[in-house]
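**Q** Take this structure, written in structure tokens, and hold onto it; I'll ask about it next.
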There are 2 protein chains.
Amino acid sequence: MIKQLVAAIDLGGTNTVFGLVDKEGNIILKESIPTAHFQIPEDMAAVVSEHIKLAMEKFEDQYELVGVGIGAPNGNYYKGTIEYAPNLVWQGIVPLAKLFTDKLNVKTVLTNDANAAALGEMMFGGAKGMKDFIFITLGTGLGSGIVSNGEMVLGHDGFAGEIGHVIVKENGRLCGCERRGCLETYCSATGLKRTYIDLLLGQVNKGDVQTDMIDSKYIYDKAVMHDKIALEAFEQTGKVLGLTLANSVANFSPEAIFLFGGLAMAGEFIFKPTKESFEHYVWHIYKGKTKILPSQLKENDAPLLGAASLIYKELGMIA
Amino acid sequence: MIKQLVAAIDLGGTNTVFGLVDKEGNIILKESIPTAHFQIPEDMAAVVSEHIKLAMEKFEDQYELVGVGIGAPNGNYYKGTIEYAPNLVWQGIVPLAKLFTDKLNVKTVLTNDANAAALGEMMFGGAKGMKDFIFITLGTGLGSGIVSNGEMVLGHDGFAGEIGHVIVKENGRLCGCERRGCLETYCSATGLKRTYIDLLLGQVNKGDVQTDMIDSKYIYDKAVMHDKIALEAFEQTGKVLGLTLANSVANFSPEAIFLFGGLAMAGEFIFKPTKESFEHYVWHIYKGKTKILPSQLKENDAPLLGAASLIYKELGMIA
């Protein structure tokens, strides 16, 4: 019997990873090319499509290609476009889904990477069978994908679900979005670093702090060694995250909230203060109902599994 | 041709209003009984059902009853129950939908009053044709009903969509939910009063302030007379609301946000500062996309229209 495969693409500012994924979540092919190598998106689509076609030819007795799923920054699900992505060389509005459908003659679905990863969690990870959950990726920034009634919350324009840009402190830290106090300025690898440095500056002379080598891994290693400032930085990060997630519950009342990404890998250093703060702040009608869990997706596989899930979801293969 | 009618019930702590509503939003019958008169919910359901049966008998050549819709405090859509409503004499979990289905032999759908009113806005008001919007009722508290992908956001337990209990100020004002800083302690008739009194106390000796006669109508009348403190109270209320709605947009990216209820009737006194604050705080990717509008439902009709919409929605009569 011919089995179905999806071409999955994770478009990043630096690299574009693509591959073929079956409906059990096996990644049959995985390749990577530098995104910035292509001056225009048409060239990238042509090269990636060619790779996919060649791979499919090898499998033609076993597999058929049923669609292309793409996770991309500033991805618009409704239009299949990337819109004004600051980290890409391609300017303006890029009709990426259409480029792939033209080349490969199958349906292409595109959304932002966090939305895609949320669907990946639903199809292949810890959110199997859930109709209401939130997926949060704690990386350089804070991305989120929200599922309500079994569907992605996309909003009228396709850009809903940006919990990282909820303002949690008026006149707070300056954010990349040019406003102040967004959640991701506190709760992300970058936010943790800022908190750690703020705490450090409170203790020593400004001139003494070497900030270049500090990143979340550095702070994690310090925390493992019981460094008080590192532990306090995690504590403060979790406190802000827990309060914001308590507010997310008042909005969405999800069955679970999944934490993914580099900062989530810090385990109890981030989960413990987050859960404590969450339990402290969540309204009693919701208490004990929403689980805060680590993502069940492998860090490296999540982008392709998420992108593939976009198509499997369209085909009705996610409950 | 026999036309369809829905029995609509708006259950409140003081009165229960019920009636019959056709699919054009005409209220064919409207009656009211004191809720607290009934020691047990079975008696209320029996009396209201009897009234509805009698009314339907009069119409039997023209109309058929297709369902019962109920808006109720702490209403659980999934279970058809009212759960631990603090303002009702009935304790614990009340299976109200079942009581009506047993009496009237039609489907009964129940949810909280703000969710019901949101569907009313969708079927009969300004949200016709919208798939993503937020409905906010500014009364004694702040209630909200959220529609995403054309469906109510209910969450896994049926209690999602409580924007009034998003914490907007850590260690802020004490809320009826026993936490501090919830939106409704700032943005509601009660919140406006608290802000007005706080401002007044900043100006005069504590002993001089008579707070008993102050309510949102009083403050509105003062604002009409250009009273600076009243105007400032509206200004501050709108500022908090606008910021919180900007955050709601990062979550839901709705096409519109509808304001309903006593405080919304203050017109530009509340809309102007809310919109200004919203425009100031909303992330630029959403700017100019979400309308903040007054509800198009009449204050008195909204509860019954909302309750009726619950059934018309089930029947697929809302786009």
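Just so we're on the same page: first chain in the structure tokens is A, next is B, and so on; residues restart at 1 for each chain, and ligands are numbered from 1 in the order they show up.
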Set the cut-off to 6 Å and count only C-alpha atoms: what are the residues of chain A that reach chain B? Output as a list in words.

**A**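 On the chain A side, the interface is Asp132, Gly155, His156, Ala160, Gly161, Glu162, Val166, Asn247, Ala250, Asn251, Phe252, Ser253, Pro254 and Glu255 of chain A.
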
**Q** Excluding B:Gly139 and residues on its chain fewer than 3 positions from it, collect all residues at most 10 Å away from it, counting only C-alpha atoms, and give them as a list in words.

**A** Ile136, Leu142, Gly143, Glu184, Cys187, Ser188, Ala189, Thr190, Gly191, Ser216, Phe260, Gly261, Gly262, Leu263 and Ala264 of chain B

**Q** How would you write, as number ranges by chain, the set of residues in stretch 139-307 of chain B that DSSP gives as alpha helix (DSSP H)?

**A** B: 189-201, 216-224, 228-252, 268-281, 302-307

**Q** Among stretch 134-169 of chain B, which residues does DSSP mark as strand (DSSP E or B) when it is run on the backbone? Keep the chain and numbering as in the structure and answer as a list in words.

**A** Ile134, Phe135, Ile136, Thr137, Leu138, Leu142, Gly143, Ser144, Gly145, Ile146, Val147, Ser148, Glu151, Met152 and Ile167 of chain B

**Q** May I have the residues within 9 Å of stretch 298-314 of chain B as a PyMOL selection string, using only C-alpha atoms and disregarding those fewer than 2 positions away in the same chain?

**A** chain B and resi 5-10+17-23+25-27+30+66-71+107-111+113-124+260-262+295-296+316-319

**Q** Go ahead and save the picked residues with N, CA and C atoms, as a tab-separated table (two decimals), in the first residue's frame.

**A**
```tsv
chain	number	residue	atom	x	y	z
B	5	LEU	N	-39.32	28.86	17.20
B	5	LEU	CA	-39.13	29.75	18.35
B	5	LEU	C	-38.20	29.08	19.35
B	6	VAL	N	-37.43	29.92	20.04
B	6	VAL	CA	-36.58	29.42	21.13
B	6	VAL	C	-37.07	30.03	22.44
B	7	ALA	N	-37.11	29.20	23.49
B	7	ALA	CA	-37.36	29.73	24.83
B	7	ALA	C	-36.02	30.23	25.38
B	8	ALA	N	-35.99	31.52	25.71
B	8	ALA	CA	-34.74	32.13	26.19
B	8	ALA	C	-34.89	32.47	27.66
B	9	ILE	N	-33.86	32.14	28.43
B	9	ILE	CA	-33.92	32.38	29.87
B	9	ILE	C	-32.65	33.09	30.33
B	10	ASP	N	-32.86	34.20	31.03
B	10	ASP	CA	-31.73	34.91	31.62
B	10	ASP	C	-31.86	34.82	33.12
B	17	VAL	N	-35.50	36.37	33.94
B	17	VAL	CA	-36.31	36.86	32.83
B	17	VAL	C	-36.38	35.74	31.80
B	18	PHE	N	-37.54	35.49	31.25
B	18	PHE	CA	-37.63	34.46	30.21
B	18	PHE	C	-38.59	34.92	29.12
B	19	GLY	N	-38.49	34.29	27.97
B	19	GLY	CA	-39.35	34.69	26.87
B	19	GLY	C	-39.22	33.77	25.70
B	20	LEU	N	-39.81	34.19	24.59
B	20	LEU	CA	-39.75	33.42	23.34
B	20	LEU	C	-39.19	34.33	22.27
B	21	VAL	N	-38.24	33.82	21.50
B	21	VAL	CA	-37.52	34.64	20.52
B	21	VAL	C	-37.50	33.92	19.18
B	22	ASP	N	-37.86	34.64	18.11
B	22	ASP	CA	-37.79	34.02	16.79
B	22	ASP	C	-36.43	34.29	16.15
B	23	LYS	N	-36.21	33.72	14.98
B	23	LYS	CA	-34.84	33.78	14.45
B	23	LYS	C	-34.51	35.13	13.82
B	25	GLY	N	-34.96	37.71	15.76
B	25	GLY	CA	-34.66	38.48	16.97
B	25	GLY	C	-35.88	39.20	17.54
B	26	ASN	N	-37.06	38.84	17.07
B	26	ASN	CA	-38.27	39.39	17.68
B	26	ASN	C	-38.56	38.66	18.99
B	27	ILE	N	-38.78	39.45	20.04
B	27	ILE	CA	-39.10	38.85	21.34
B	27	ILE	C	-40.63	38.78	21.44
B	30	LYS	N	-42.16	38.04	26.93
B	30	LYS	CA	-41.12	38.37	27.91
B	30	LYS	C	-41.76	38.48	29.29
B	66	VAL	N	-38.11	24.98	19.41
B	66	VAL	CA	-36.99	24.16	18.96
B	66	VAL	C	-35.88	24.01	20.00
B	67	GLY	N	-35.99	24.74	21.11
B	67	GLY	CA	-34.94	24.58	22.13
B	67	GLY	C	-35.07	25.61	23.23
B	68	VAL	N	-34.28	25.40	24.26
B	68	VAL	CA	-34.21	26.34	25.37
B	68	VAL	C	-32.76	26.82	25.50
B	69	GLY	N	-32.58	28.13	25.49
B	69	GLY	CA	-31.24	28.70	25.71
B	69	GLY	C	-31.21	29.43	27.04
B	70	ILE	N	-30.17	29.20	27.81
B	70	ILE	CA	-30.09	29.81	29.15
B	70	ILE	C	-28.76	30.52	29.35
B	71	GLY	N	-28.81	31.78	29.72
B	71	GLY	CA	-27.63	32.50	30.19
B	71	GLY	C	-27.69	32.54	31.71
B	107	LYS	N	-33.98	20.34	23.17
B	107	LYS	CA	-32.59	20.56	23.56
B	107	LYS	C	-32.45	21.84	24.38
B	108	THR	N	-31.65	21.80	25.44
B	108	THR	CA	-31.37	22.99	26.23
B	108	THR	C	-29.87	23.25	26.25
B	109	VAL	N	-29.49	24.49	25.96
B	109	VAL	CA	-28.07	24.86	25.99
B	109	VAL	C	-27.89	25.99	26.99
B	110	LEU	N	-26.85	25.89	27.79
B	110	LEU	CA	-26.63	26.85	28.87
B	110	LEU	C	-25.18	27.30	28.86
B	111	THR	N	-24.97	28.59	29.08
B	111	THR	CA	-23.59	29.08	29.27
B	111	THR	C	-23.67	30.34	30.11
B	113	ASP	N	-23.69	34.32	31.06
B	113	ASP	CA	-24.44	35.39	30.40
B	113	ASP	C	-23.60	36.16	29.37
B	114	ALA	N	-22.31	36.35	29.64
B	114	ALA	CA	-21.48	37.12	28.70
B	114	ALA	C	-21.24	36.31	27.41
B	115	ASN	N	-21.04	35.00	27.54
B	115	ASN	CA	-20.91	34.17	26.34
B	115	ASN	C	-22.18	34.21	25.51
B	116	ALA	N	-23.32	34.11	26.19
B	116	ALA	CA	-24.60	34.14	25.49
B	116	ALA	C	-24.77	35.48	24.76
B	117	ALA	N	-24.47	36.56	25.45
B	117	ALA	CA	-24.62	37.88	24.83
B	117	ALA	C	-23.69	38.03	23.62
B	118	ALA	N	-22.50	37.43	23.70
B	118	ALA	CA	-21.58	37.48	22.56
B	118	ALA	C	-22.21	36.82	21.34
B	119	LEU	N	-22.85	35.68	21.54
B	119	LEU	CA	-23.54	35.02	20.42
B	119	LEU	C	-24.72	35.86	19.94
B	120	GLY	N	-25.39	36.56	20.88
B	120	GLY	CA	-26.46	37.47	20.49
B	120	GLY	C	-25.94	38.57	19.56
B	121	GLU	N	-24.76	39.10	19.89
B	121	GLU	CA	-24.13	40.12	19.04
B	121	GLU	C	-23.83	39.54	17.65
B	122	MET	N	-23.47	38.27	17.63
B	122	MET	CA	-23.10	37.59	16.38
B	122	MET	C	-24.33	37.33	15.51
B	123	MET	N	-25.44	37.01	16.14
B	123	MET	CA	-26.64	36.67	15.37
B	123	MET	C	-27.49	37.90	15.05
B	124	PHE	N	-27.58	38.81	16.02
B	124	PHE	CA	-28.54	39.90	15.88
B	124	PHE	C	-27.91	41.30	15.93
B	260	PHE	N	-20.33	46.67	25.96
B	260	PHE	CA	-21.75	46.62	26.30
B	260	PHE	C	-21.90	46.96	27.78
B	261	GLY	N	-23.11	47.33	28.18
B	261	GLY	CA	-23.39	47.51	29.61
B	261	GLY	C	-23.37	48.96	30.05
B	262	GLY	N	-23.75	49.17	31.29
B	262	GLY	CA	-23.94	50.51	31.84
B	262	GLY	C	-22.79	51.45	31.53
B	295	SER	N	-21.74	47.88	21.51
B	295	SER	CA	-22.63	46.77	21.15
B	295	SER	C	-23.84	47.31	20.40
B	296	GLN	N	-24.34	46.53	19.45
B	296	GLN	CA	-25.55	46.93	18.72
B	296	GLN	C	-26.80	46.31	19.31
B	316	GLY	N	-27.12	25.71	13.57
B	316	GLY	CA	-26.34	26.13	12.40
B	316	GLY	C	-26.88	27.38	11.74
B	317	MET	N	-27.63	28.18	12.50
B	317	MET	CA	-28.24	29.36	11.90
B	317	MET	C	-27.42	30.63	12.09
B	318	ILE	N	-26.23	30.50	12.71
B	318	ILE	CA	-25.30	31.64	12.75
B	318	ILE	C	-24.11	31.24	11.89
B	319	ALA	N	-23.78	32.09	10.96
B	319	ALA	CA	-22.72	31.81	9.97
B	319	ALA	C	-21.46	31.28	10.64
```

**Q** Have a look at atom CA of B:Thr101 and atom CA of B:Lys128 and let me know their distance in Å, one decimal.

**A**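 For atom CA of B:Thr101 relative to atom CA of B:Lys128, the distance reads 28.9 Å.
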